[in-house]
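Listing of upload17.txt, compact mmCIF, C-alpha atoms and all ligand atoms
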# COMPACT_ATOMS: atom_id res chain seq x y z
CA MET V 22 141.84 -80.13 -114.26
CA ASN V 23 142.23 -76.37 -114.80
CA GLU V 24 139.55 -74.18 -116.40
CA ILE V 25 140.90 -74.54 -119.96
CA GLU V 26 141.23 -78.33 -119.68
CA GLN V 27 137.67 -78.47 -118.33
CA ARG V 28 136.33 -76.34 -121.19
CA ILE V 29 138.17 -78.44 -123.82
CA ALA V 30 136.81 -81.65 -122.27
CA GLU V 31 133.30 -80.16 -122.20
CA LEU V 32 133.50 -78.96 -125.84
CA ASN V 33 134.71 -82.41 -127.01
CA LYS V 34 131.80 -84.05 -125.20
CA LEU V 35 129.20 -81.60 -126.53
CA LEU V 36 130.48 -81.68 -130.13
CA HIS V 37 130.57 -85.51 -130.12
CA GLU V 38 126.98 -85.60 -128.90
CA TYR V 39 125.76 -82.93 -131.36
CA GLY V 40 127.75 -84.47 -134.23
CA HIS V 41 126.27 -87.92 -133.55
CA ALA V 42 122.74 -86.52 -133.52
CA TYR V 43 123.32 -84.58 -136.77
CA TYR V 44 125.44 -86.99 -138.86
CA VAL V 45 124.46 -90.41 -137.50
CA LEU V 46 120.85 -90.00 -136.36
CA ASP V 47 120.08 -87.34 -138.97
CA ASN V 48 118.29 -85.54 -136.12
CA PRO V 49 120.12 -82.31 -135.07
CA ILE V 50 119.65 -81.20 -131.46
CA VAL V 51 121.25 -77.74 -131.88
CA PRO V 52 121.16 -75.27 -134.81
CA ASP V 53 124.20 -75.41 -137.17
CA ALA V 54 125.27 -71.96 -135.95
CA VAL V 55 125.58 -73.24 -132.37
CA TYR V 56 127.59 -76.28 -133.51
CA ASP V 57 129.92 -74.09 -135.63
CA GLN V 58 130.42 -71.60 -132.78
CA LEU V 59 131.42 -74.37 -130.35
CA LEU V 60 133.70 -75.96 -132.96
CA ASN V 61 135.43 -72.60 -133.59
CA GLU V 62 135.86 -72.13 -129.83
CA LEU V 63 137.51 -75.59 -129.62
CA ILE V 64 139.74 -74.86 -132.64
CA ALA V 65 140.93 -71.64 -130.94
CA LEU V 66 141.55 -73.32 -127.55
CA GLU V 67 143.44 -76.22 -129.22
CA LYS V 68 145.56 -73.72 -131.19
CA GLU V 69 146.64 -72.08 -127.88
CA ASN V 70 147.01 -75.45 -126.10
CA PRO V 71 148.14 -78.07 -128.68
CA SER V 72 149.06 -80.50 -125.89
CA LEU V 73 145.35 -80.61 -124.97
CA ILE V 74 144.15 -81.79 -128.42
CA TYR V 75 142.24 -85.07 -128.05
CA PRO V 76 143.07 -87.62 -130.82
CA ASP V 77 139.34 -88.03 -131.43
CA SER V 78 138.55 -84.31 -131.26
CA PRO V 79 136.11 -83.32 -134.06
CA THR V 80 138.81 -80.87 -135.21
CA GLN V 81 141.08 -83.83 -136.04
CA ARG V 82 138.92 -85.26 -138.82
CA VAL V 83 140.72 -83.74 -141.79
CA GLY V 84 144.42 -84.62 -141.80
CA GLY V 85 147.07 -82.16 -142.96
CA THR V 86 149.43 -83.67 -145.49
CA PRO V 87 148.43 -85.86 -148.45
CA LEU V 88 149.68 -89.47 -148.33
CA GLN V 89 152.35 -90.83 -150.67
CA GLY V 90 150.33 -94.00 -151.20
CA PHE V 91 148.07 -96.48 -149.41
CA LYS V 92 149.45 -99.23 -147.19
CA LYS V 93 148.04 -102.75 -147.53
CA VAL V 94 146.01 -104.09 -144.61
CA THR V 95 145.13 -107.73 -143.91
CA HIS V 96 141.62 -107.88 -142.45
CA ALA V 97 141.43 -109.59 -139.04
CA PHE V 98 138.39 -111.46 -140.46
CA PRO V 99 137.96 -111.93 -144.25
CA MET V 100 135.27 -109.74 -145.82
CA LEU V 101 133.13 -112.29 -147.64
CA SER V 102 131.05 -111.71 -150.74
CA LEU V 103 127.40 -112.66 -151.03
CA SER V 104 125.95 -115.11 -153.55
CA ASN V 105 123.37 -113.48 -155.81
CA ALA V 106 119.70 -114.06 -156.62
CA PHE V 107 118.19 -112.49 -159.73
CA ASN V 108 114.57 -113.62 -159.57
CA GLU V 109 111.91 -115.21 -157.40
CA LEU V 110 112.98 -118.73 -158.40
CA ASP V 111 116.52 -118.10 -157.09
CA LEU V 112 115.05 -116.81 -153.84
CA ARG V 113 112.79 -119.84 -153.38
CA ASP V 114 115.73 -122.17 -154.17
CA PHE V 115 117.74 -120.36 -151.47
CA ASP V 116 114.84 -120.75 -149.01
CA ARG V 117 114.37 -124.44 -149.88
CA ARG V 118 118.10 -125.18 -149.36
CA ILE V 119 117.89 -123.60 -145.89
CA ARG V 120 114.76 -125.57 -144.93
CA GLN V 121 116.43 -128.78 -146.06
CA ALA V 122 119.39 -127.99 -143.81
CA ILE V 123 117.79 -126.59 -140.63
CA GLY V 124 114.02 -127.18 -140.85
CA ASP V 125 111.28 -124.54 -140.90
CA ASP V 126 111.72 -122.80 -137.57
CA PHE V 127 113.87 -119.81 -138.54
CA SER V 128 113.42 -116.20 -139.72
CA TYR V 129 115.15 -113.68 -141.99
CA VAL V 130 116.28 -110.07 -141.78
CA CYS V 131 116.07 -108.05 -145.02
CA GLU V 132 118.21 -104.96 -145.57
CA LEU V 133 118.86 -102.50 -148.40
CA LYS V 134 122.03 -103.33 -150.34
CA ILE V 135 123.84 -99.99 -150.41
CA ASP V 136 125.58 -99.28 -153.72
CA GLY V 137 128.87 -97.86 -152.44
CA LEU V 138 132.32 -99.03 -151.42
CA ALA V 139 132.69 -101.77 -148.81
CA ILE V 140 134.85 -100.66 -145.87
CA SER V 141 136.18 -102.14 -142.66
CA LEU V 142 136.64 -100.00 -139.50
CA ARG V 143 138.77 -101.04 -136.54
CA TYR V 144 138.29 -99.59 -133.05
CA GLU V 145 140.53 -100.22 -130.04
CA ASP V 146 139.06 -99.41 -126.61
CA GLY V 147 136.38 -97.46 -128.44
CA ILE V 148 138.76 -95.27 -130.50
CA PHE V 149 138.80 -95.39 -134.32
CA VAL V 150 142.30 -96.62 -135.19
CA GLN V 151 142.16 -97.96 -138.75
CA GLY V 152 139.94 -98.05 -141.79
CA ALA V 153 140.39 -100.05 -144.99
CA THR V 154 138.76 -100.90 -148.28
CA ARG V 155 137.53 -104.45 -148.86
CA GLY V 156 140.20 -105.08 -151.49
CA ASP V 157 140.08 -108.78 -152.40
CA GLY V 158 138.31 -109.62 -149.14
CA VAL V 159 141.53 -110.59 -147.36
CA VAL V 160 143.86 -107.64 -148.07
CA GLY V 161 142.55 -104.09 -148.53
CA GLU V 162 144.02 -100.58 -148.72
CA GLU V 163 144.48 -98.57 -145.53
CA ILE V 164 142.38 -95.38 -145.99
CA THR V 165 142.06 -94.28 -142.35
CA ALA V 166 142.84 -90.61 -143.07
CA ASN V 167 140.09 -90.42 -145.69
CA LEU V 168 137.53 -92.30 -143.59
CA ARG V 169 138.17 -89.97 -140.63
CA THR V 170 136.73 -87.15 -142.76
CA ILE V 171 133.34 -88.92 -143.01
CA ARG V 172 131.23 -87.28 -140.25
CA SER V 173 128.95 -90.30 -139.79
CA ILE V 174 131.95 -92.46 -138.82
CA PRO V 175 132.35 -92.04 -135.04
CA LEU V 176 135.92 -91.29 -133.92
CA ARG V 177 134.99 -92.61 -130.45
CA LEU V 178 132.33 -95.21 -129.65
CA LYS V 179 129.83 -94.95 -126.81
CA GLU V 180 131.48 -98.02 -125.20
CA PRO V 181 135.27 -98.56 -124.97
CA VAL V 182 135.11 -101.82 -126.97
CA THR V 183 137.72 -103.28 -129.31
CA ILE V 184 135.79 -104.23 -132.42
CA GLU V 185 136.06 -104.45 -136.21
CA VAL V 186 132.93 -103.53 -138.17
CA ARG V 187 131.98 -103.56 -141.85
CA GLY V 188 129.81 -101.26 -143.84
CA GLU V 189 129.44 -99.30 -147.01
CA ALA V 190 130.73 -95.79 -147.74
CA TYR V 191 128.43 -94.03 -150.21
CA MET V 192 127.77 -90.67 -151.83
CA PRO V 193 124.17 -89.42 -151.51
CA LYS V 194 122.46 -88.85 -154.86
CA LYS V 195 122.22 -85.06 -154.32
CA SER V 196 125.96 -84.81 -153.56
CA PHE V 197 126.72 -86.86 -156.67
CA GLU V 198 124.66 -84.54 -158.87
CA ALA V 199 126.26 -81.42 -157.33
CA LEU V 200 129.78 -82.89 -157.73
CA ASN V 201 129.23 -83.74 -161.40
CA GLN V 202 127.66 -80.32 -161.99
CA SER V 203 130.77 -78.58 -160.62
CA ARG V 204 133.07 -80.94 -162.56
CA GLN V 205 131.14 -80.20 -165.74
CA GLU V 206 131.60 -76.44 -165.14
CA LYS V 207 135.35 -77.03 -164.70
CA GLY V 208 135.54 -79.20 -167.82
CA LEU V 209 136.53 -82.22 -165.71
CA GLU V 210 135.57 -85.82 -166.48
CA LEU V 211 132.27 -86.75 -164.83
CA PHE V 212 131.74 -89.71 -162.51
CA ALA V 213 129.50 -92.39 -164.04
CA ASN V 214 127.55 -93.06 -160.84
CA PRO V 215 127.60 -92.39 -157.07
CA ARG V 216 129.45 -95.65 -156.41
CA ASN V 217 132.38 -94.67 -158.64
CA ALA V 218 132.35 -91.17 -157.14
CA ALA V 219 132.54 -92.59 -153.59
CA ALA V 220 135.31 -95.04 -154.56
CA GLY V 221 137.23 -92.32 -156.42
CA SER V 222 136.89 -89.96 -153.44
CA LEU V 223 138.22 -92.54 -150.96
CA ARG V 224 141.16 -93.34 -153.22
CA GLN V 225 142.37 -89.73 -153.10
CA LEU V 226 145.74 -89.33 -151.36
CA ASP V 227 144.78 -85.89 -150.04
CA PRO V 228 142.19 -86.20 -147.20
CA LYS V 229 141.00 -82.65 -147.92
CA ILE V 230 139.52 -83.91 -151.20
CA ALA V 231 137.72 -86.80 -149.49
CA ALA V 232 136.48 -84.33 -146.85
CA SER V 233 134.95 -82.16 -149.58
CA ARG V 234 132.91 -85.00 -151.13
CA ASN V 235 130.12 -85.26 -148.48
CA LEU V 236 130.39 -89.04 -148.17
CA SER V 237 128.41 -91.05 -145.64
CA THR V 238 128.27 -94.65 -144.41
CA PHE V 239 125.97 -97.37 -143.16
CA ILE V 240 127.53 -99.98 -140.87
CA TYR V 241 125.95 -103.45 -141.08
CA ALA V 242 128.20 -106.17 -139.68
CA ILE V 243 130.72 -107.06 -137.00
CA GLY V 244 133.89 -108.81 -138.21
CA GLY V 245 134.25 -112.20 -136.57
CA ASP V 246 131.66 -113.75 -134.30
CA GLY V 247 129.10 -111.48 -132.75
CA GLU V 248 128.73 -113.98 -129.88
CA ALA V 249 131.89 -112.38 -128.43
CA TYR V 250 129.71 -109.30 -127.71
CA GLY V 251 126.89 -111.30 -126.17
CA ILE V 252 124.74 -111.13 -129.31
CA ASP V 253 123.00 -114.14 -130.83
CA SER V 254 121.17 -112.80 -133.86
CA HIS V 255 121.66 -110.45 -136.79
CA ALA V 256 118.79 -108.19 -135.68
CA GLU V 257 120.35 -107.79 -132.23
CA MET V 258 123.75 -107.11 -133.82
CA LEU V 259 122.30 -104.21 -135.85
CA ASP V 260 120.76 -102.74 -132.67
CA TYR V 261 124.10 -103.18 -130.86
CA LEU V 262 125.92 -101.27 -133.62
CA GLU V 263 123.45 -98.39 -133.10
CA THR V 264 124.02 -98.34 -129.33
CA LEU V 265 127.78 -98.10 -130.00
CA GLY V 266 127.11 -94.97 -132.08
CA PHE V 267 127.33 -96.36 -135.62
CA PRO V 268 124.99 -95.23 -138.41
CA SER V 269 122.85 -98.21 -139.35
CA ASN V 270 120.24 -98.22 -142.07
CA LYS V 271 116.74 -98.14 -140.55
CA GLU V 272 115.01 -99.58 -143.68
CA ARG V 273 115.43 -103.14 -142.44
CA LYS V 274 112.69 -105.71 -141.91
CA PHE V 275 112.35 -108.83 -139.79
CA CYS V 276 110.75 -111.42 -142.12
CA GLU V 277 109.21 -114.72 -141.01
CA THR V 278 109.03 -116.21 -144.52
CA ILE V 279 110.60 -115.86 -147.98
CA ASP V 280 107.21 -114.48 -149.12
CA ASP V 281 107.69 -111.60 -146.66
CA CYS V 282 111.17 -111.07 -148.14
CA ILE V 283 109.73 -111.02 -151.67
CA ALA V 284 107.13 -108.47 -150.57
CA PHE V 285 109.94 -106.32 -149.12
CA ILE V 286 111.85 -106.63 -152.41
CA ASN V 287 108.77 -105.63 -154.44
CA MET V 288 108.13 -102.63 -152.18
CA TRP V 289 111.71 -101.35 -152.56
CA THR V 290 111.78 -102.07 -156.29
CA GLU V 291 108.93 -99.55 -156.42
CA ASN V 292 110.30 -97.13 -153.80
CA ARG V 293 114.00 -97.16 -154.73
CA PRO V 294 113.91 -93.83 -156.62
CA ASN V 295 112.70 -92.05 -153.45
CA LEU V 296 115.82 -93.00 -151.45
CA ALA V 297 118.53 -90.35 -150.87
CA TYR V 298 121.17 -92.90 -151.91
CA GLU V 299 121.61 -95.66 -154.51
CA ILE V 300 120.90 -99.29 -153.68
CA ASP V 301 121.59 -102.20 -156.06
CA GLY V 302 119.61 -104.89 -154.30
CA ILE V 303 118.26 -106.36 -151.09
CA VAL V 304 120.32 -108.47 -148.68
CA ILE V 305 118.52 -111.38 -147.02
CA LYS V 306 120.11 -113.04 -143.98
CA VAL V 307 118.99 -115.83 -141.68
CA ASN V 308 118.59 -114.05 -138.36
CA ARG V 309 119.80 -116.34 -135.54
CA TYR V 310 123.56 -116.99 -135.22
CA ALA V 311 122.91 -120.58 -134.16
CA HIS V 312 121.22 -121.15 -137.53
CA GLN V 313 124.02 -119.31 -139.38
CA ASP V 314 126.58 -121.55 -137.68
CA GLU V 315 124.61 -124.66 -138.72
CA LEU V 316 124.45 -123.46 -142.33
CA GLY V 317 128.10 -122.35 -142.55
CA TYR V 318 129.92 -121.10 -145.64
CA THR V 319 130.89 -122.12 -149.17
CA ALA V 320 134.46 -121.33 -150.28
CA LYS V 321 133.62 -117.67 -150.72
CA SER V 322 130.27 -116.78 -149.21
CA PRO V 323 127.84 -117.58 -146.37
CA ARG V 324 125.10 -120.16 -147.04
CA TRP V 325 122.80 -118.19 -144.71
CA ALA V 326 122.69 -115.00 -146.79
CA ILE V 327 121.91 -113.96 -150.34
CA ALA V 328 121.85 -110.67 -152.25
CA TYR V 329 118.85 -110.16 -154.50
CA LYS V 330 120.11 -107.88 -157.31
CA PHE V 331 117.74 -105.45 -159.00
CA PRO V 332 117.66 -105.87 -162.79
CA ALA V 333 120.25 -103.55 -164.38
CA GLU V 334 118.47 -100.29 -165.23
CA GLU V 335 117.96 -99.87 -168.97
CA ALA V 336 120.42 -97.24 -170.11
CA ILE V 337 118.22 -94.22 -170.83
CA THR V 338 119.06 -93.52 -174.48
N1 LIG T 401 129.09 -108.24 -149.62
C1 LIG T 401 128.42 -108.24 -148.46
O1 LIG T 401 128.56 -109.09 -147.60
C2 LIG T 401 127.43 -107.14 -148.23
C3 LIG T 401 127.26 -106.01 -148.98
C4 LIG T 401 126.26 -105.15 -148.47
C5 LIG T 401 125.85 -103.89 -148.97
N2 LIG T 401 126.42 -103.35 -150.08
N3 LIG T 401 124.87 -103.19 -148.34
C6 LIG T 401 124.26 -103.68 -147.23
C7 LIG T 401 124.63 -104.93 -146.72
C8 LIG T 401 123.94 -105.44 -145.51
N4 LIG T 401 123.05 -104.65 -144.91
O2 LIG T 401 124.22 -106.56 -145.11
C9 LIG T 401 125.63 -105.65 -147.35
S1 LIG T 401 126.33 -107.18 -146.91
Let me see the structure of the file written as structure tokens.
Amino acid sequence: MNEIEQRIAELNKLLHEYGHAYYVLDNPIVPDAVYDQLLNELIALEKENPSLIYPDSPTQRVGGTPLQGFKKVTHAFPMLSLSNAFNELDLRDFDRRIRQAIGDDFSYVCELKIDGLAISLRYEDGIFVQGATRGDGVVGEEITANLRTIRSIPLRLKEPVTIEVRGEAYMPKKSFEALNQSRQEKGLELFANPRNAAAGSLRQLDPKIAASRNLSTFIYAIGGDGEAYGIDSHAEMLDYLETLGFPSNKERKFCETIDDCIAFINMWTENRPNLAYEIDGIVIKVNRYAHQDELGYTAKSPRWAIAYKFPAEEAIT
């Protein structure tokens, strides 16, 4: 490798590491000025040596030309929906049904239900190759170019695995307020809520617009069976996603009983306004895969999971 190739390889490695710390771990290890200076150096070197541009270089996040339309993509594994619970009685019914099926020796994992747009990301040998919306759960829209602009989505994983993951793309509350403020000043129609703003941004044909919307993601599931990756519980799967370099939401709790889940729900009902992003509920999943396999699925959703939905907020008149 000559000096330029070495420097380009080194800059890609450094910028991946710094970008992961900043956008995924929310814990920068260098000042922004240092990151920008290295990025500008890489942009200049790539301009002089286009044959040395890595496909997953951080300079390759925002594509050039707008798309004509979105292709349809059939998910390798259907993206299922969750059945809903609206009150404590629904939650205790859910818990009772599980006990009747598998006995009492099991536990739950509770997670925040992110109010965004469900997405599916495909990686081959660790490289991000395709991203899609949920669509109807079986067929979604291919929005790879727009998802590449989201800095928390790794373009290369820390392991060269072939994997399909699911998560939620969302717009932080502060970005939503700033976006609507600027739209108001331009006399444009406002977005009703961060979820619509995130969905609208990812449906743009020009990736430069998506890139300007400061979207982020949380990744929370592997498509297909996690056993293929040597994992045998939901909690371990979430940790595995983090080791691969995905952003996963840290506000999750291992719960022994449905009472612990209800306490978690009550705490977040109270604390929800303090989050930097919107959530519309709490997702409760039976933790061990062996138990999930025993419980199985109904026609459209897993029997081992439920989404508690917060009461719709009273419209502030
Ligand atoms: N429809 C679904 O299966 C899910 C939807 C969501 C969501 N919007 N946010 C978080 C999770 C999670 N942590 O499992 C899930 S799962």
7 Å shell around ligand LIG 401 (chain T) using only C-alpha atoms and all ligand atoms, listed as number ranges by chain:
V: 100-103, 132-137, 139, 188-189, 241-242, 304
Counting only C-alpha atoms, the residue among V:Val51, V:Gly84, V:Ala106, V:Gly244 that lies closest to Leu168 (chain V) is V:Gly84
By how many Å are CA of Phe239 (chain V) and CA of Lys179 (chain V) apart?
17.0 Å
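The coordinates place CA of Ile184 (chain V) at 5.3 Å from CA of Tyr144 (chain V).
The two atoms in question, CA of Glu263 (chain V) and CA of Pro181 (chain V), are spaced 14.3 Å apart.
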Polymer residues at most 7 Å from Pro49 (chain V), all atoms listed in the file, same-chain spacing of 4 or more positions, as a ChimeraX atom specification:
/V:39,42-43
For Thr319 (chain V), find every residue with an atom within 12 Å (counting only C-alpha atoms), except residues of its own chain fewer than 2 positions away, and show them as a PyMOL selection string.
chain V and resi 101-104+316-317+321-326
As a ChimeraX atom specification, please: the residues near Gly302 (chain V) (cut-off 12 Å, all atoms listed in the file, same-chain neighbours under 5 positions excluded).
/V:103,105-108,131-137,283,285-290,293,327-334
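Distance check against Ala231 (chain V) using all atoms listed in the file: of V:Ala199, V:Val83, V:Leu36, V:Ile243, the minimum falls on V:Val83.
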Listed atoms of region 28-45 of chain V boxed along x, y and z, 3 Å each side, centre and edge lengths in Å, one decimal, as AutoDock Vina command-line options:
--center_x 130.5 --center_y -83.4 --center_z -130.0 --size_x 21.4 --size_y 20.1 --size_z 23.7
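The smallest atom-to-atom distance between Ser72 (chain V) and any of V:Glu26, V:Ile50, V:Gly266, V:Lys207, using all atoms listed in the file, is found for V:Glu26.
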V:Gly161, V:Tyr191, V:Glu31, V:Asp125: which is nearest Thr278 (chain V), counting only C-alpha atoms?
V:Asp125
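Near (130.3, -88.3, -147.5), the residues inside the 8 Å limit, counting all atoms listed in the file, come to Ile171, Arg172, Ala190, Tyr191, Met192, Pro193, Ala219, Ala231, Ala232, Ser233, Arg234, Asn235, Leu236, Ser237 and Thr238 of chain V.
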How about saving the chosen residues, C-alpha atoms kept, as a tab-separated table (two decimals), in the coordinates of the input?
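Wrote it out as part23.tsv, contents follow:
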chain	number	residue	atom	x	y	z
V	171	ILE	CA	133.34	-88.92	-143.01
V	172	ARG	CA	131.23	-87.28	-140.25
V	190	ALA	CA	130.73	-95.79	-147.74
V	191	TYR	CA	128.43	-94.03	-150.21
V	192	MET	CA	127.77	-90.67	-151.83
V	193	PRO	CA	124.17	-89.42	-151.51
V	219	ALA	CA	132.54	-92.59	-153.59
V	231	ALA	CA	137.72	-86.80	-149.49
V	232	ALA	CA	136.48	-84.33	-146.85
V	233	SER	CA	134.95	-82.16	-149.58
V	234	ARG	CA	132.91	-85.00	-151.13
V	235	ASN	CA	130.12	-85.26	-148.48
V	236	LEU	CA	130.39	-89.04	-148.17
V	237	SER	CA	128.41	-91.05	-145.64
V	238	THR	CA	128.27	-94.65	-144.41
Restore N, CA and C atoms in region 289-305 of chain V and list the result as an mmCIF file, in the coordinates of the input.
data_model
loop_
_atom_site.group_PDB
_atom_site.id
_atom_site.type_symbol
_atom_site.label_atom_id
_atom_site.label_comp_id
_atom_site.auth_asym_id
_atom_site.auth_seq_id
_atom_site.Cartn_x
_atom_site.Cartn_y
_atom_site.Cartn_z
ATOM 1 N N TRP V 289 110.542 -102.191 -152.298
ATOM 2 C CA TRP V 289 111.710 -101.350 -152.560
ATOM 3 C C TRP V 289 112.044 -101.275 -154.048
ATOM 4 N N THR V 290 111.618 -102.223 -154.836
ATOM 5 C CA THR V 290 111.780 -102.070 -156.290
ATOM 6 C C THR V 290 110.994 -100.843 -156.742
ATOM 7 N N GLU V 291 109.815 -100.684 -156.129
ATOM 8 C CA GLU V 291 108.930 -99.550 -156.420
ATOM 9 C C GLU V 291 109.489 -98.253 -155.831
ATOM 10 N N ASN V 292 109.952 -98.337 -154.554
ATOM 11 C CA ASN V 292 110.300 -97.130 -153.800
ATOM 12 C C ASN V 292 111.727 -96.643 -153.985
ATOM 13 N N ARG V 293 112.554 -97.438 -154.599
ATOM 14 C CA ARG V 293 114.000 -97.160 -154.730
ATOM 15 C C ARG V 293 114.307 -95.734 -155.174
ATOM 16 N N PRO V 294 113.567 -95.193 -156.163
ATOM 17 C CA PRO V 294 113.910 -93.830 -156.620
ATOM 18 C C PRO V 294 113.733 -92.770 -155.529
ATOM 19 N N ASN V 295 112.930 -93.076 -154.488
ATOM 20 C CA ASN V 295 112.700 -92.050 -153.450
ATOM 21 C C ASN V 295 113.805 -92.028 -152.394
ATOM 22 N N LEU V 296 114.749 -92.977 -152.462
ATOM 23 C CA LEU V 296 115.820 -93.000 -151.450
ATOM 24 C C LEU V 296 116.850 -91.912 -151.748
ATOM 25 N N ALA V 297 117.525 -91.420 -150.712
ATOM 26 C CA ALA V 297 118.530 -90.350 -150.870
ATOM 27 C C ALA V 297 119.850 -90.919 -151.370
ATOM 28 N N TYR V 298 119.910 -92.260 -151.503
ATOM 29 C CA TYR V 298 121.170 -92.900 -151.910
ATOM 30 C C TYR V 298 120.838 -94.084 -152.825
ATOM 31 N N GLU V 299 121.835 -94.551 -153.569
ATOM 32 C CA GLU V 299 121.610 -95.660 -154.510
ATOM 33 C C GLU V 299 121.672 -97.008 -153.773
ATOM 34 N N ILE V 300 120.777 -97.900 -154.140
ATOM 35 C CA ILE V 300 120.900 -99.290 -153.680
ATOM 36 C C ILE V 300 120.885 -100.173 -154.925
ATOM 37 N N ASP V 301 121.582 -101.333 -154.864
ATOM 38 C CA ASP V 301 121.590 -102.200 -156.060
ATOM 39 C C ASP V 301 120.955 -103.546 -155.755
ATOM 40 N N GLY V 302 120.288 -103.631 -154.596
ATOM 41 C CA GLY V 302 119.610 -104.890 -154.300
ATOM 42 C C GLY V 302 119.114 -104.927 -152.865
ATOM 43 N N ILE V 303 118.735 -106.134 -152.459
ATOM 44 C CA ILE V 303 118.260 -106.360 -151.090
ATOM 45 C C ILE V 303 119.049 -107.538 -150.528
ATOM 46 N N VAL V 304 119.560 -107.392 -149.315
ATOM 47 C CA VAL V 304 120.320 -108.470 -148.680
ATOM 48 C C VAL V 304 119.394 -109.224 -147.733
ATOM 49 N N ILE V 305 119.384 -110.533 -147.865
ATOM 50 C CA ILE V 305 118.520 -111.380 -147.020
ATOM 51 C C ILE V 305 119.426 -112.271 -146.183
#
